[in-house]
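Text of target04.cif (mmCIF, C-alpha atoms (C1' of nucleotides)) as supplied:
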```cif
data_start
#
loop_
_atom_site.label_atom_id
_atom_site.label_comp_id
_atom_site.auth_asym_id
_atom_site.auth_seq_id
_atom_site.Cartn_x
_atom_site.Cartn_y
_atom_site.Cartn_z
CA MET A 1 -83.26 -74.00 -81.15
CA SER A 2 -85.00 -74.11 -77.81
CA SER A 3 -88.71 -73.53 -77.52
CA ARG A 4 -89.88 -70.12 -76.46
CA PRO A 5 -93.49 -70.42 -75.37
CA PHE A 6 -95.85 -67.53 -74.72
CA ILE A 7 -93.57 -64.95 -76.21
CA LEU A 8 -96.51 -63.53 -78.05
CA SER A 9 -98.86 -63.69 -75.11
CA PRO A 10 -100.52 -60.44 -74.07
CA THR A 11 -98.09 -58.17 -72.33
CA PRO A 12 -99.03 -56.36 -69.15
CA ALA A 13 -98.68 -52.73 -70.10
CA SER A 14 -98.17 -50.83 -73.32
CA LEU A 15 -94.59 -52.05 -73.45
CA GLY A 16 -94.47 -54.66 -76.14
CA ALA A 17 -91.53 -56.45 -74.65
CA GLN A 18 -90.38 -59.30 -72.49
CA HIS A 19 -90.10 -58.97 -68.75
CA ARG A 20 -86.87 -60.81 -68.57
CA LEU A 21 -83.73 -59.84 -70.35
CA ARG A 22 -82.51 -62.52 -72.71
CA LEU A 23 -79.60 -61.20 -74.70
CA ASP A 24 -80.37 -63.48 -77.58
CA ASP A 25 -83.83 -61.96 -78.01
CA TYR A 26 -82.78 -58.44 -77.26
CA LEU A 27 -83.49 -56.27 -80.25
CA PRO A 28 -80.57 -53.86 -80.05
CA TYR A 29 -78.24 -56.82 -79.69
CA ARG A 30 -79.76 -58.68 -82.63
CA LEU A 31 -79.53 -55.54 -84.69
CA SER A 32 -75.92 -54.97 -83.82
CA VAL A 33 -74.91 -58.53 -84.52
CA ALA A 34 -76.73 -58.69 -87.82
CA ALA A 35 -75.29 -55.38 -88.94
CA ASN A 36 -71.83 -56.56 -88.02
CA ALA A 37 -72.10 -59.76 -89.98
CA VAL A 38 -73.36 -57.95 -93.06
CA SER A 39 -70.83 -55.15 -92.76
CA GLN A 40 -67.95 -57.54 -92.43
CA LEU A 41 -69.03 -59.48 -95.46
CA ILE A 42 -69.24 -56.42 -97.64
CA ALA A 43 -66.23 -54.67 -96.19
CA ARG A 44 -64.10 -57.68 -96.92
CA ALA A 45 -65.33 -57.89 -100.47
CA TYR A 46 -64.50 -54.26 -101.14
CA VAL A 47 -61.17 -54.22 -99.52
CA ASP A 48 -60.17 -57.37 -101.39
CA ARG A 49 -61.39 -56.36 -104.81
CA PHE A 50 -60.93 -52.63 -104.86
CA GLY A 51 -58.84 -51.73 -101.85
CA LEU A 52 -61.68 -49.58 -100.55
CA THR A 53 -62.58 -49.10 -96.91
CA VAL A 54 -66.22 -48.76 -95.93
CA PRO A 55 -66.09 -44.97 -95.63
CA GLN A 56 -64.36 -44.73 -98.98
CA TRP A 57 -66.93 -47.01 -100.49
CA ARG A 58 -69.71 -44.84 -99.16
CA LEU A 59 -68.22 -41.72 -100.64
CA MET A 60 -67.97 -43.35 -104.01
CA ALA A 61 -71.51 -44.63 -103.78
CA VAL A 62 -72.85 -41.16 -103.09
CA LEU A 63 -70.66 -39.32 -105.57
CA GLY A 64 -71.50 -41.87 -108.21
CA GLU A 65 -75.12 -40.86 -108.10
CA ASP A 66 -74.77 -37.17 -107.28
CA SER A 67 -71.81 -34.85 -107.62
CA PRO A 68 -70.09 -32.60 -107.02
CA LEU A 69 -70.58 -32.38 -103.29
CA THR A 70 -68.70 -30.78 -100.43
CA GLN A 71 -67.39 -32.86 -97.56
CA GLN A 72 -70.04 -31.35 -95.41
CA ALA A 73 -72.74 -32.59 -97.74
CA LEU A 74 -71.09 -35.98 -97.79
CA CYS A 75 -71.26 -36.13 -94.02
CA GLY A 76 -75.00 -35.73 -94.20
CA ARG A 77 -75.45 -38.22 -96.99
CA THR A 78 -73.36 -40.95 -95.45
CA VAL A 79 -74.07 -40.36 -91.76
CA MET A 80 -70.36 -40.26 -91.06
CA ASP A 81 -68.21 -37.98 -88.98
CA LYS A 82 -66.43 -35.14 -90.77
CA VAL A 83 -63.10 -36.60 -89.75
CA THR A 84 -64.02 -39.92 -91.25
CA VAL A 85 -65.17 -38.28 -94.46
CA MET A 86 -62.00 -36.24 -94.59
CA ARG A 87 -59.77 -39.27 -94.28
CA ALA A 88 -61.75 -41.30 -96.76
CA ALA A 89 -61.60 -38.42 -99.22
CA ARG A 90 -57.87 -38.07 -98.74
CA GLY A 91 -57.37 -41.72 -99.56
CA LEU A 92 -59.44 -41.49 -102.71
CA LEU A 93 -57.72 -38.29 -103.76
CA GLN A 94 -54.32 -39.90 -103.45
CA ARG A 95 -55.48 -42.73 -105.64
CA ARG A 96 -56.82 -40.23 -108.17
CA LEU A 97 -60.31 -41.61 -107.89
CA LEU A 98 -61.56 -38.28 -106.65
CA ARG A 99 -61.10 -34.75 -107.88
CA ARG A 100 -61.32 -31.67 -105.69
CA GLN A 101 -62.16 -28.34 -107.25
CA PRO A 102 -62.46 -24.96 -105.61
CA ASN A 103 -65.92 -23.94 -104.61
CA SER A 104 -66.56 -20.51 -106.04
CA ALA A 105 -69.48 -20.01 -103.70
CA ASP A 106 -67.50 -20.70 -100.54
CA GLY A 107 -63.74 -20.55 -100.19
CA ARG A 108 -63.71 -22.88 -97.21
CA SER A 109 -65.05 -25.92 -98.97
CA HIS A 110 -64.30 -27.77 -102.17
CA ARG A 111 -66.36 -29.53 -104.74
CA LEU A 112 -65.61 -33.23 -104.78
CA SER A 113 -66.42 -35.48 -107.68
CA LEU A 114 -65.23 -38.71 -109.22
CA THR A 115 -62.47 -38.66 -111.81
CA VAL A 116 -62.76 -40.75 -114.92
CA THR A 117 -60.87 -43.47 -113.11
CA GLY A 118 -63.26 -43.11 -110.23
CA GLU A 119 -66.25 -43.38 -112.52
CA ARG A 120 -64.77 -46.48 -114.03
CA MET A 121 -64.37 -48.06 -110.64
CA TYR A 122 -67.86 -46.97 -109.66
CA ALA A 123 -69.17 -48.80 -112.68
CA GLU A 124 -67.79 -51.99 -111.17
CA VAL A 125 -68.51 -51.19 -107.56
CA ALA A 126 -72.21 -50.47 -107.90
CA PRO A 127 -73.28 -53.72 -109.56
CA LEU A 128 -71.28 -55.72 -107.07
CA ALA A 129 -73.02 -53.93 -104.23
CA LEU A 130 -76.40 -54.72 -105.71
CA LYS A 131 -75.37 -58.31 -106.23
CA TYR A 132 -74.51 -58.64 -102.56
CA GLU A 133 -77.79 -57.12 -101.55
CA ALA A 134 -79.61 -59.51 -103.84
CA MET A 135 -77.77 -62.48 -102.38
CA LEU A 136 -78.60 -61.42 -98.88
CA VAL A 137 -82.30 -61.17 -99.53
CA ALA A 138 -82.49 -64.06 -101.94
CA GLY A 139 -85.81 -65.83 -101.77
CA ILE A 140 -87.62 -63.03 -100.02
CA GLU A 141 -90.39 -61.05 -101.66
CA PRO A 142 -89.36 -57.51 -102.57
CA LEU A 143 -92.32 -56.18 -100.65
CA GLU A 144 -91.02 -57.81 -97.50
CA VAL A 145 -87.63 -56.26 -98.07
CA ARG A 146 -89.18 -52.83 -98.38
CA ARG A 147 -91.05 -53.34 -95.15
CA PHE A 148 -87.84 -54.30 -93.47
CA GLU A 149 -86.10 -51.19 -94.71
CA GLN A 150 -88.94 -49.12 -93.39
CA TRP A 151 -88.45 -50.79 -90.07
CA LEU A 152 -84.81 -49.86 -90.06
CA ARG A 153 -85.55 -46.25 -90.82
CA ARG A 154 -88.16 -46.10 -88.14
CA LEU A 155 -85.88 -47.63 -85.58
CA GLN A 156 -83.09 -45.25 -86.45
CA GLN A 157 -85.43 -42.30 -86.15
CA ALA A 158 -86.62 -43.49 -82.77
CA ALA A 159 -83.06 -43.92 -81.56
CA VAL A 160 -82.03 -40.47 -82.70
CA ALA A 161 -85.11 -38.92 -81.14
CA LEU A 162 -84.46 -40.61 -77.83
CA SER A 163 -80.83 -39.67 -78.00
CA ASP A 164 -81.63 -36.01 -78.58
CA ALA A 165 -84.20 -36.06 -75.82
CA GLY A 166 -81.63 -37.53 -73.47
CA ALA A 167 -78.92 -35.05 -74.45
CA THR A 168 -81.03 -31.97 -73.78
CA ARG A 169 -82.60 -33.30 -70.63
CA MET B 1 -89.02 -37.43 -98.20
CA SER B 2 -88.76 -37.57 -101.97
CA SER B 3 -91.07 -39.78 -104.00
CA ARG B 4 -89.74 -43.13 -105.12
CA PRO B 5 -91.98 -44.41 -107.87
CA PHE B 6 -92.03 -47.93 -109.23
CA ILE B 7 -89.84 -49.30 -106.50
CA LEU B 8 -92.16 -52.23 -106.15
CA SER B 9 -92.57 -52.77 -109.84
CA PRO B 10 -91.79 -56.25 -111.16
CA THR B 11 -88.08 -56.85 -111.20
CA PRO B 12 -86.35 -58.43 -114.17
CA ALA B 13 -84.84 -61.56 -112.73
CA SER B 14 -85.09 -63.39 -109.44
CA LEU B 15 -83.06 -60.68 -107.79
CA GLY B 16 -85.48 -58.66 -105.74
CA ALA B 17 -83.44 -55.50 -105.92
CA GLN B 18 -83.02 -52.18 -107.63
CA HIS B 19 -80.94 -51.82 -110.75
CA ARG B 20 -79.40 -48.62 -109.64
CA LEU B 21 -77.42 -48.14 -106.47
CA ARG B 22 -78.93 -45.56 -104.20
CA LEU B 23 -77.06 -45.54 -100.94
CA ASP B 24 -80.08 -44.34 -99.07
CA ASP B 25 -82.07 -47.41 -100.10
CA TYR B 26 -79.21 -49.84 -99.81
CA LEU B 27 -80.05 -52.45 -97.25
CA PRO B 28 -76.60 -53.05 -95.75
CA TYR B 29 -76.19 -49.32 -95.38
CA ARG B 30 -79.58 -48.86 -93.75
CA LEU B 31 -78.82 -51.72 -91.44
CA SER B 32 -75.47 -50.33 -90.44
CA VAL B 33 -76.81 -46.86 -89.84
CA ALA B 34 -79.76 -48.05 -87.81
CA ALA B 35 -77.59 -50.33 -85.73
CA ASN B 36 -75.20 -47.48 -85.10
CA ALA B 37 -77.89 -45.13 -83.93
CA VAL B 38 -79.35 -47.69 -81.56
CA SER B 39 -75.97 -48.81 -80.29
CA GLN B 40 -74.88 -45.27 -79.57
CA LEU B 41 -78.05 -44.54 -77.68
CA ILE B 42 -77.69 -47.55 -75.45
CA ALA B 43 -73.95 -47.38 -75.10
CA ARG B 44 -74.21 -43.82 -73.90
CA ALA B 45 -76.87 -44.71 -71.37
CA TYR B 46 -74.77 -47.49 -69.92
CA VAL B 47 -71.55 -45.66 -69.79
CA ASP B 48 -73.25 -42.70 -68.12
CA ARG B 49 -75.23 -44.60 -65.55
CA PHE B 50 -73.07 -47.60 -64.79
CA GLY B 51 -69.70 -46.95 -66.35
CA LEU B 52 -70.12 -50.04 -68.50
CA THR B 53 -68.86 -50.45 -72.04
CA VAL B 54 -70.91 -52.43 -74.51
CA PRO B 55 -68.80 -55.58 -74.20
CA GLN B 56 -68.97 -55.34 -70.43
CA TRP B 57 -72.69 -54.85 -70.61
CA ARG B 58 -73.04 -57.94 -72.75
CA LEU B 59 -71.10 -60.05 -70.34
CA MET B 60 -73.28 -58.95 -67.48
CA ALA B 61 -76.41 -59.59 -69.50
CA VAL B 62 -75.35 -63.14 -70.24
CA LEU B 63 -73.98 -63.95 -66.81
CA GLY B 64 -77.09 -62.52 -65.22
CA GLU B 65 -79.18 -65.18 -66.84
CA ASP B 66 -76.74 -68.06 -66.87
CA SER B 67 -73.57 -68.63 -64.87
CA PRO B 68 -70.91 -69.61 -64.30
CA LEU B 69 -69.43 -69.60 -67.77
CA THR B 70 -65.93 -69.68 -69.19
CA GLN B 71 -64.65 -66.89 -71.40
CA GLN B 72 -64.85 -69.25 -74.31
CA ALA B 73 -68.54 -69.82 -73.65
CA LEU B 74 -69.04 -66.09 -73.33
CA CYS B 75 -67.50 -65.57 -76.74
CA GLY B 76 -70.13 -67.80 -78.24
CA ARG B 77 -72.99 -66.23 -76.35
CA THR B 78 -72.08 -62.65 -77.14
CA VAL B 79 -70.60 -63.05 -80.63
CA MET B 80 -67.51 -61.20 -79.52
CA ASP B 81 -63.83 -61.82 -80.04
CA LYS B 82 -61.97 -63.59 -77.26
CA VAL B 83 -59.76 -60.56 -76.81
CA THR B 84 -62.78 -58.34 -76.39
CA VAL B 85 -64.28 -60.73 -73.88
CA MET B 86 -61.00 -60.90 -72.04
CA ARG B 87 -60.73 -57.15 -71.70
CA ALA B 88 -64.33 -56.70 -70.71
CA ALA B 89 -63.93 -59.39 -68.08
CA ARG B 90 -60.79 -57.78 -66.77
CA GLY B 91 -62.62 -54.51 -66.31
CA LEU B 92 -65.48 -56.13 -64.47
CA LEU B 93 -63.10 -58.14 -62.32
CA GLN B 94 -61.28 -55.01 -61.24
CA ARG B 95 -64.54 -53.46 -60.25
CA ARG B 96 -65.46 -56.57 -58.31
CA LEU B 97 -68.58 -57.11 -60.33
CA LEU B 98 -67.28 -60.43 -61.53
CA ARG B 99 -65.77 -63.38 -59.75
CA ARG B 100 -63.39 -65.85 -61.34
CA GLN B 101 -63.09 -69.32 -59.89
CA PRO B 102 -60.86 -72.18 -60.98
CA ASN B 103 -62.43 -74.68 -63.29
CA SER B 104 -61.84 -78.13 -61.82
CA ALA B 105 -62.67 -79.72 -65.16
CA ASP B 106 -60.07 -77.78 -67.12
CA GLY B 107 -57.09 -75.97 -65.67
CA ARG B 108 -56.82 -73.56 -68.55
CA SER B 109 -60.14 -71.87 -68.09
CA HIS B 110 -62.01 -70.26 -65.23
CA ARG B 111 -65.59 -70.10 -64.16
CA LEU B 112 -66.88 -66.55 -64.30
CA SER B 113 -69.95 -65.39 -62.47
CA LEU B 114 -71.39 -62.21 -61.01
CA THR B 115 -70.52 -61.22 -57.47
CA VAL B 116 -73.21 -59.95 -55.15
CA THR B 117 -72.34 -56.44 -56.24
CA GLY B 118 -72.57 -57.57 -59.82
CA GLU B 119 -75.98 -59.13 -59.23
CA ARG B 120 -77.11 -55.94 -57.66
CA MET B 121 -76.04 -53.95 -60.68
CA TYR B 122 -77.60 -56.49 -62.98
CA ALA B 123 -80.87 -55.96 -61.18
CA GLU B 124 -80.74 -52.35 -62.33
CA VAL B 125 -79.20 -52.94 -65.70
CA ALA B 126 -81.71 -55.44 -67.01
CA PRO B 127 -84.88 -53.40 -66.49
CA LEU B 128 -83.24 -50.37 -68.04
CA ALA B 129 -82.32 -52.41 -71.08
CA LEU B 130 -85.87 -53.60 -71.44
CA LYS B 131 -87.11 -50.07 -71.02
CA TYR B 132 -84.95 -48.89 -73.87
CA GLU B 133 -86.14 -51.69 -76.07
CA ALA B 134 -89.72 -50.84 -75.22
CA MET B 135 -89.18 -47.19 -76.05
CA LEU B 136 -87.62 -48.06 -79.37
CA VAL B 137 -90.51 -50.20 -80.47
CA ALA B 138 -93.21 -48.11 -78.83
CA GLY B 139 -96.43 -48.20 -80.77
CA ILE B 140 -95.58 -51.29 -82.76
CA GLU B 141 -97.39 -54.56 -82.34
CA PRO B 142 -95.30 -57.19 -80.58
CA LEU B 143 -95.92 -59.56 -83.45
CA GLU B 144 -94.32 -57.13 -85.83
CA VAL B 145 -91.33 -56.87 -83.55
CA ARG B 146 -90.92 -60.61 -83.55
CA ARG B 147 -91.05 -60.68 -87.31
CA PHE B 148 -88.38 -58.06 -87.43
CA GLU B 149 -86.15 -60.01 -85.12
CA GLN B 150 -86.58 -63.04 -87.33
CA TRP B 151 -85.51 -60.93 -90.22
CA LEU B 152 -82.38 -59.92 -88.42
CA ARG B 153 -81.48 -63.49 -87.62
CA ARG B 154 -82.07 -64.54 -91.15
CA LEU B 155 -79.97 -61.76 -92.55
CA GLN B 156 -77.16 -62.55 -90.18
CA GLN B 157 -77.28 -66.19 -91.16
CA ALA B 158 -77.17 -65.31 -94.83
CA ALA B 159 -74.21 -63.02 -94.29
CA VAL B 160 -72.28 -65.64 -92.37
CA ALA B 161 -73.06 -68.28 -94.96
CA LEU B 162 -71.88 -66.06 -97.79
CA SER B 163 -68.81 -65.10 -95.82
CA ASP B 164 -67.87 -68.71 -95.21
CA ALA B 165 -68.49 -69.56 -98.83
CA GLY B 166 -66.24 -66.72 -99.88
CA ALA B 167 -63.48 -67.63 -97.45
CA THR B 168 -63.17 -71.22 -98.63
CA ARG B 169 -63.55 -70.42 -102.29
"C1'" DT C 1 -44.73 -92.03 -70.82
"C1'" DG C 2 -43.91 -88.66 -74.14
"C1'" DC C 3 -44.20 -86.05 -78.35
"C1'" DG C 4 -47.13 -83.32 -81.26
"C1'" DC C 5 -51.40 -80.98 -81.85
"C1'" DT C 6 -55.23 -78.39 -80.12
"C1'" DT C 7 -57.38 -75.05 -77.21
"C1'" DG C 8 -58.25 -71.38 -73.43
"C1'" DG C 9 -56.43 -67.32 -72.42
"C1'" DT C 10 -53.11 -63.32 -72.68
"C1'" DT C 11 -50.08 -59.88 -74.69
"C1'" DA C 12 -48.26 -56.86 -78.37
"C1'" DC C 13 -48.96 -54.26 -82.15
"C1'" DA C 14 -51.03 -51.90 -85.80
"C1'" DT C 15 -55.30 -49.81 -87.14
"C1'" DC C 16 -59.48 -47.34 -86.79
"C1'" DT C 17 -62.32 -44.00 -84.71
"C1'" DG C 18 -64.14 -39.83 -82.69
"C1'" DA C 19 -63.79 -35.81 -79.57
"C1'" DA C 20 -61.47 -31.58 -79.03
"C1'" DA C 21 -58.56 -27.95 -80.39
"C1'" DC C 22 -57.14 -25.12 -84.21
"C1'" DT C 23 -57.07 -22.44 -88.83
"C1'" DT C 24 -59.24 -20.20 -92.30
"C1'" DT C 25 -63.17 -18.29 -94.40
"C1'" DC C 26 -67.78 -16.63 -94.19
"C1'" DT C 27 -71.77 -14.23 -92.03
"C1'" DT C 28 -74.00 -11.01 -89.07
"C1'" DG C 29 -74.92 -6.97 -86.40
"C1'" DC C 30 -73.50 -2.60 -85.49
"C1'" DG D 1 -66.29 -1.66 -92.97
"C1'" DC D 2 -65.25 -4.47 -88.94
"C1'" DA D 3 -65.32 -7.11 -84.70
"C1'" DA D 4 -67.70 -11.49 -82.96
"C1'" DG D 5 -69.46 -15.69 -83.76
"C1'" DA D 6 -70.39 -19.64 -86.82
"C1'" DA D 7 -69.00 -23.04 -90.16
"C1'" DA D 8 -65.72 -26.05 -93.30
"C1'" DG D 9 -61.94 -28.48 -93.00
"C1'" DT D 10 -57.61 -30.23 -90.77
"C1'" DT D 11 -54.63 -32.01 -87.16
"C1'" DT D 12 -53.84 -34.05 -82.80
"C1'" DC D 13 -54.60 -37.18 -79.26
"C1'" DA D 14 -56.61 -40.81 -76.54
"C1'" DG D 15 -59.37 -44.85 -76.45
"C1'" DA D 16 -61.33 -48.94 -78.65
"C1'" DT D 17 -60.76 -52.96 -81.58
"C1'" DG D 18 -58.91 -56.93 -83.99
"C1'" DT D 19 -55.06 -59.82 -85.89
"C1'" DA D 20 -51.25 -62.31 -84.94
"C1'" DA D 21 -47.89 -64.09 -81.99
"C1'" DC D 22 -47.40 -66.29 -77.64
"C1'" DC D 23 -47.78 -69.26 -73.29
"C1'" DA D 24 -49.56 -72.83 -70.69
"C1'" DA D 25 -52.62 -76.71 -69.98
"C1'" DG D 26 -55.07 -80.58 -71.96
"C1'" DC D 27 -55.73 -84.32 -75.39
"C1'" DG D 28 -54.44 -88.20 -78.36
"C1'" DC D 29 -52.05 -91.63 -80.08
"C1'" DA D 30 -47.98 -94.54 -80.36
#
```

Show this structure as structure tokens.
Amino acid sequence: MSSRPFILSPTPASLGAQHRLRLDDYLPYRLSVAANAVSQLIARAYVDRFGLTVPQWRLMAVLGEDSPLTQQALCGRTVMDKVTVMRAARGLLQRRLLRRQPNSADGRSHRLSLTVTGERMYAEVAPLALKYEAMLVAGIEPLEVRRFEQWLRRLQQAAVALSDAGATR
Amino acid sequence: MSSRPFILSPTPASLGAQHRLRLDDYLPYRLSVAANAVSQLIARAYVDRFGLTVPQWRLMAVLGEDSPLTQQALCGRTVMDKVTVMRAARGLLQRRLLRRQPNSADGRSHRLSLTVTGERMYAEVAPLALKYEAMLVAGIEPLEVRRFEQWLRRLQQAAVALSDAGATR
DNA sequence: TGCGCTTGGTTACATCTGAAACTTTCTTGC
DNA sequence: GCAAGAAAGTTTCAGATGTAACCAAGCGCA
């Protein structure tokens, strides 16, 4: 690639950024593009092998480690819209991968959990997911990966905070 | 948050990953969620202040630093589909932010560049973008930020490589 | 020159997505 | 208890997005 001199030179104020906008070095852009590439890769794999969409995959991932849960709870765990969760759940229900039982504590919601078939699929889905993750970070020290994840959390937090601040302002 | 012991303990094989799938610690998920949060924040800001969609914003960002360019070139620079570029360009053309001139070298394509109005908007858009970036990474050393960006590039590259490998296999 | 192939760009269509309105059930304050 | 408001879930609708088909202009090779 082209040389980028003085990028790390002392910046004028407290803003640790460039003064000129170069899309290619723009963090939100880089983040978006990277996320897209990774998402596409994994989405394709899951749709091909299991016929699962990303939202459906997320539901299975969560319910595989903790169930039963209501749709509401799933929204929180997967950071997805309630409509998205609803549709994903409907798909899985139709395929008998999910079971929906009445919630004695609250007549509005239901308790969702994997069926035996769902568990069986989960048993294939989870290792594949881990395999993809491993391939993506191949050759990188685990400690580095952890640091990166921390970064992502931090960034997300910052974005949400700014978003809330903007909304109420 | 909850404690996560032994995460950094020696892993069995060369795979630097967990053995159990926990969505919350799953890198592709974290990446997607973080990217979403950041994208939403910025998208909202741009639609509110300038009436620009993300694709439109990207076109302006690229054309502001380098023009004229064909749509084809813009696809490469923004990592967007040609249809997406086409629609974004159409929107900007209608608002007279973009100019489209014939390309003497190739009758199929056109040379796109910002109009004076477009330049004027760019002059507002770019600093705001940098401001958002600065706010997101506030309190983090610039060197760290660079490292993170490198990470993102690397991850993207890995994803694309795996995707290509999968497609041809 | 001309026939086939490629490429830039556009259109059509099918899908996905989220905001908003709506229904039902629960909670709260009186 | 019972109205009023909140919350879980569903449906509807409009906008965004991408794939595939399509058109027109260039390229290449005989």

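Residues matched by the PyMOL selection byres ((chain D and resi 27) around 8) in this file: DT6 of chain C; DG26 and DG28 of chain D.
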
**Request:** Give me the residues within 12 Å of Arg120 of chain A as a PyMOL selection string, counting all atoms listed in the file and dropping any in the same chain fewer than 5 places off.
**Result:** chain A and resi 50+60+64+96-98+114-115+125-126

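Of note, atom CA of Leu41 of chain B and atom CA of Ser163 of chain B are spaced 28.9 Å apart.
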
**Hits of the PyMOL selection byres ((chain D) within 9 of (chain B)) in this structure, as an MDAnalysis selection string** = chainID D and resid 17:18 24:26

**Request:** Could you please tell me, as a PyMOL selection string, which residues of chain C have an atom within 9 Å of chain B when using all atoms listed in the file?
**Result:** chain C and resi 7-10

**Prompt:** Pick from A:Ala73, A:Val79, A:Leu52, A:Ala88: nearest to chain B, with only C-alpha atoms counted?
**Reply:** A:Val79

**Request:** Identify every residue of chain B that has at least one atom within 8 Å of any atom of chain A, counting only C-alpha atoms, and report the result as a ChimeraX atom specification.
**Result:** /B:8,14-28,30-39,41,58,61-62,65,77,79,126-127,129-130,133-138,140-143,148-149,151-153,155-156,158-160,162-163

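Computed from the coordinates, the atom C1' of DA6 of chain D to atom C1' of DC22 of chain C distance equals 14.6 Å.
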
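Atom CA of Pro55 of chain A is found 17.7 Å from atom CA of Ala123 of chain A.
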
**Selection: 6 Å around Pro68 of chain B, only C-alpha atoms (C1' of nucleotides), excl. self and same-chain fewer than 5 positions, as a PyMOL selection string** = chain B and resi 111-113

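Selection check: the PyMOL selection byres ((chain D and resi 21) around 12) on the shown file gives DT10, DT11, DA12 and DC13 of chain C; DT19, DA20, DC22 and DC23 of chain D.
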
Please write out, as AutoDock Vina command-line options, where the centre of an axis-aligned box around all listed atoms of segment 8-24 of chain D lies and how long its edges are, in Å to one decimal, after adding 4 Å on each side.
```
--center_x -56.6 --center_y -49.4 --center_z -82.0 --size_x 26.3 --size_y 54.8 --size_z 30.6
```
